[in-house]
file upload-v4.txt (compact mmCIF, C-alpha atoms)
# COMPACT_ATOMS: atom_id res chain seq x y z
CA MET A 56 0.00 0.00 0.00
CA LYS A 57 1.32 3.44 -0.93
CA GLU A 58 1.93 5.88 1.94
CA HIS A 59 0.81 9.49 1.63
CA ALA A 60 2.77 12.41 3.00
CA ASP A 61 1.21 14.27 5.89
CA TYR A 62 0.99 17.69 4.24
CA ALA A 63 -0.08 19.36 7.49
CA ASN A 64 3.45 18.82 8.81
CA VAL A 65 5.28 20.01 5.69
CA ILE A 66 6.89 23.43 6.12
CA ASP A 67 6.01 25.96 3.45
CA MET A 68 9.28 26.56 1.61
CA ARG A 69 8.22 30.13 0.87
CA THR A 70 7.79 31.02 4.54
CA PRO A 71 11.00 32.71 5.73
CA THR A 72 12.66 31.51 8.91
CA ILE A 73 12.70 34.24 11.56
CA PRO A 74 13.59 33.63 15.21
CA MET A 75 11.39 35.04 17.95
CA ALA A 76 13.00 37.86 19.93
CA SER A 77 13.60 35.56 22.90
CA GLU A 78 15.46 33.10 20.63
CA MET A 79 17.92 35.65 19.22
CA LYS A 80 21.54 35.04 20.22
CA LEU A 81 24.11 37.83 20.44
CA THR A 82 26.82 35.72 18.81
CA THR A 83 24.57 34.97 15.82
CA VAL A 84 23.55 38.62 15.47
CA CYS A 85 27.17 39.79 15.70
CA ASN A 86 28.25 37.17 13.18
CA ALA A 87 25.56 38.37 10.77
CA LEU A 88 26.63 42.00 11.24
CA GLY A 89 30.32 41.09 10.92
CA ASP A 90 30.19 41.22 7.14
CA PRO A 91 30.57 44.71 5.61
CA ILE A 92 27.73 44.19 3.08
CA ARG A 93 25.32 42.97 5.78
CA MET A 94 26.34 45.84 8.06
CA LYS A 95 25.55 48.29 5.23
CA ILE A 96 22.15 46.65 4.71
CA ALA A 97 21.38 46.91 8.44
CA HIS A 98 22.59 50.53 8.54
CA CYS A 99 20.47 51.37 5.50
CA LEU A 100 17.36 49.86 7.11
CA ALA A 101 18.08 51.43 10.50
CA SER A 102 18.40 54.89 9.03
CA SER A 103 15.65 54.83 6.42
CA GLY A 104 13.11 52.18 7.39
CA GLU A 105 11.52 49.49 5.24
CA LYS A 106 12.91 48.79 1.76
CA ASN A 107 12.69 46.17 -0.92
CA CYS A 108 15.77 44.38 -2.24
CA SER A 109 16.32 46.68 -5.19
CA ALA A 110 16.48 49.77 -2.96
CA PHE A 111 19.40 48.71 -0.75
CA GLU A 112 22.37 51.06 -0.91
CA VAL A 113 25.12 48.46 -1.14
CA ASP A 114 28.00 47.80 -3.49
CA HIS A 115 27.26 46.37 -6.90
CA ILE A 116 26.55 42.73 -6.08
CA SER A 117 24.47 40.11 -7.85
CA LYS A 118 20.87 39.41 -6.84
CA SER A 119 21.83 35.96 -5.59
CA THR A 120 24.59 37.39 -3.38
CA LEU A 121 22.22 40.03 -2.00
CA SER A 122 19.61 37.31 -1.32
CA HIS A 123 22.24 35.31 0.57
CA HIS A 124 23.13 38.30 2.77
CA ILE A 125 19.45 39.00 3.44
CA LYS A 126 18.91 35.37 4.41
CA ILE A 127 21.79 35.51 6.92
CA LEU A 128 20.40 38.72 8.48
CA ARG A 129 16.85 37.32 8.56
CA GLU A 130 17.82 34.00 10.12
CA ALA A 131 19.88 35.83 12.76
CA GLY A 132 16.80 37.90 13.63
CA VAL A 133 18.26 41.24 12.54
CA ILE A 134 15.67 41.94 9.83
CA LYS A 135 12.11 40.85 9.11
CA PRO A 136 10.30 40.53 5.79
CA ARG A 137 6.89 41.72 4.74
CA ILE A 138 5.72 39.94 1.63
CA GLU A 139 3.31 41.75 -0.65
CA GLY A 140 2.58 39.74 -3.78
CA LYS A 141 5.95 39.05 -5.39
CA GLN A 142 7.66 41.93 -3.57
CA HIS A 143 9.64 41.36 -0.38
CA PHE A 144 10.08 44.37 1.87
CA TYR A 145 12.57 44.25 4.74
CA SER A 146 12.87 46.24 7.94
CA LEU A 147 15.23 46.20 10.89
CA ARG A 148 13.75 44.59 14.01
CA LYS A 149 14.57 47.67 16.10
CA GLU A 150 12.28 46.97 19.04
CA ASP A 151 13.28 43.31 19.33
CA LEU A 152 16.99 44.12 19.00
CA ASN A 153 16.77 46.92 21.58
CA THR A 154 14.92 44.62 23.99
CA GLN A 155 17.39 41.76 23.64
CA PHE A 156 20.57 43.79 23.12
CA PRO A 157 20.20 47.37 24.43
CA GLY A 158 22.27 49.87 22.47
CA LEU A 159 22.87 47.65 19.43
CA VAL A 160 20.64 49.63 17.05
CA ASP A 161 22.26 52.90 18.19
CA MET A 162 25.67 51.38 17.51
CA ILE A 163 24.56 50.42 13.98
CA LEU A 164 23.20 53.91 13.34
CA ASN A 165 26.36 55.58 14.66
CA THR A 166 28.73 53.43 12.62
CA THR A 167 30.24 55.38 9.73
CA GLU A 168 31.50 54.06 6.40
CA GLU A 169 35.13 54.29 7.50
CA TYR A 170 34.55 51.55 10.10
CA VAL A 171 32.73 49.23 7.69
CA SER A 172 35.23 47.83 5.22

call {"tool": "encode", "arguments": {"input": "upload-v4.txt", "output": "structure tokens"}}
result
Amino acid sequence: MKEHADYANVIDMRTPTIPMASEMKLTTVCNALGDPIRMKIAHCLASSGEKNCSAFEVDHISKSTLSHHIKILREAGVIKPRIEGKQHFYSLRKEDLNTQFPGLVDMILNTTEEYVS
């Protein structure tokens, strides 16, 4: 007899993985922010709010590389997506980051280009 998959337990591959605020780890967040491109993305979101992928002010990188950096930031809990149709908009999780790691968002905002290389 053929077995059927239990589709109720299958994770939707389109649903992004985002940790709850209480699950965020400082080492994971710092590792995500340790890359200059990801730091620029976080700084861009911290200073200007929600943006879609094409609006990030980062170096000329491919879409796949940008998607990889966004995935790292999202899975660390630094950013959160809002999906509207085919568009993905991202914002910095300011409140959650400030609750878990007081002062971290201010540090991101006060970091200048000369320290991100």

call {"tool": "closest_residue", "arguments": {"input": "upload-v4.txt", "among": "A:Cys108, A:Asn86, A:Ser103, A:Thr166", "to": "Lys141 of chain A", "atoms": "all atoms listed in the file"}}
result
A:Cys108

call {"tool": "residues_around", "arguments": {"input": "upload-v4.txt", "residues": "Asp90 of chain A", "least_positions_apart": "3", "cutoff": "12 Å", "atoms": "only C-alpha atoms", "output": "JSON, numbers by chain"}}
result
{"A": [84, 85, 86, 87, 93, 94, 95, 96, 97, 123, 124, 125, 127, 128, 170, 171, 172]}

call {"tool": "closest_residue", "arguments": {"input": "upload-v4.txt", "among": "A:Lys149, A:Ile163, A:Ile73, A:Arg137", "to": "Asn107 of chain A", "atoms": "all atoms listed in the file"}}
result
A:Arg137

call {"tool": "closest_residue", "arguments": {"input": "upload-v4.txt", "among": "A:Asp114, A:Pro74, A:Val133, A:Met79", "to": "Gln155 of chain A", "atoms": "all atoms listed in the file"}}
result
A:Met79

call {"tool": "residues_around", "arguments": {"input": "upload-v4.txt", "residues": "Glu150 of chain A", "least_positions_apart": "4", "cutoff": "10 Å", "atoms": "only C-alpha atoms", "output": "ChimeraX atom specification"}}
result
/A:76,154-157,160

call {"tool": "atom_distance", "arguments": {"input": "upload-v4.txt", "atom1": "atom CA of Glu105 of chain A", "atom2": "atom CA of Phe144 of chain A"}}
result
6.3 Å

call {"tool": "atom_distance", "arguments": {"input": "upload-v4.txt", "atom1": "atom CA of Cys99 of chain A", "atom2": "atom CA of His115 of chain A"}}
result
15.0 Å

call {"tool": "atom_distance", "arguments": {"input": "upload-v4.txt", "atom1": "atom CA of Asp161 of chain A", "atom2": "atom CA of Tyr145 of chain A"}}
result
18.7 Å

call {"tool": "closest_residue", "arguments": {"input": "upload-v4.txt", "among": "A:Lys106, A:Leu88, A:Arg129, A:Ser146", "to": "Met75 of chain A", "atoms": "only C-alpha atoms"}}
result
A:Arg129

call {"tool": "closest_residue", "arguments": {"input": "upload-v4.txt", "among": "A:Asp151, A:Gly158, A:Gly104, A:Glu112", "to": "Gly132 of chain A", "atoms": "only C-alpha atoms"}}
result
A:Asp151

call {"tool": "closest_residue", "arguments": {"input": "upload-v4.txt", "among": "A:Leu152, A:Leu147, A:Ala131, A:Ile138", "to": "Ser102 of chain A", "atoms": "only C-alpha atoms"}}
result
A:Leu147

call {"tool": "axis_aligned_box", "arguments": {"input": "upload-v4.txt", "around": "segment 142-160 of chain A", "padding_each_side": "8 Å", "output": "JSON"}}
result
{"center_x": 15.3, "center_y": 45.6, "center_z": 10.4, "size_x": 31.2, "size_y": 24.5, "size_z": 44.0}
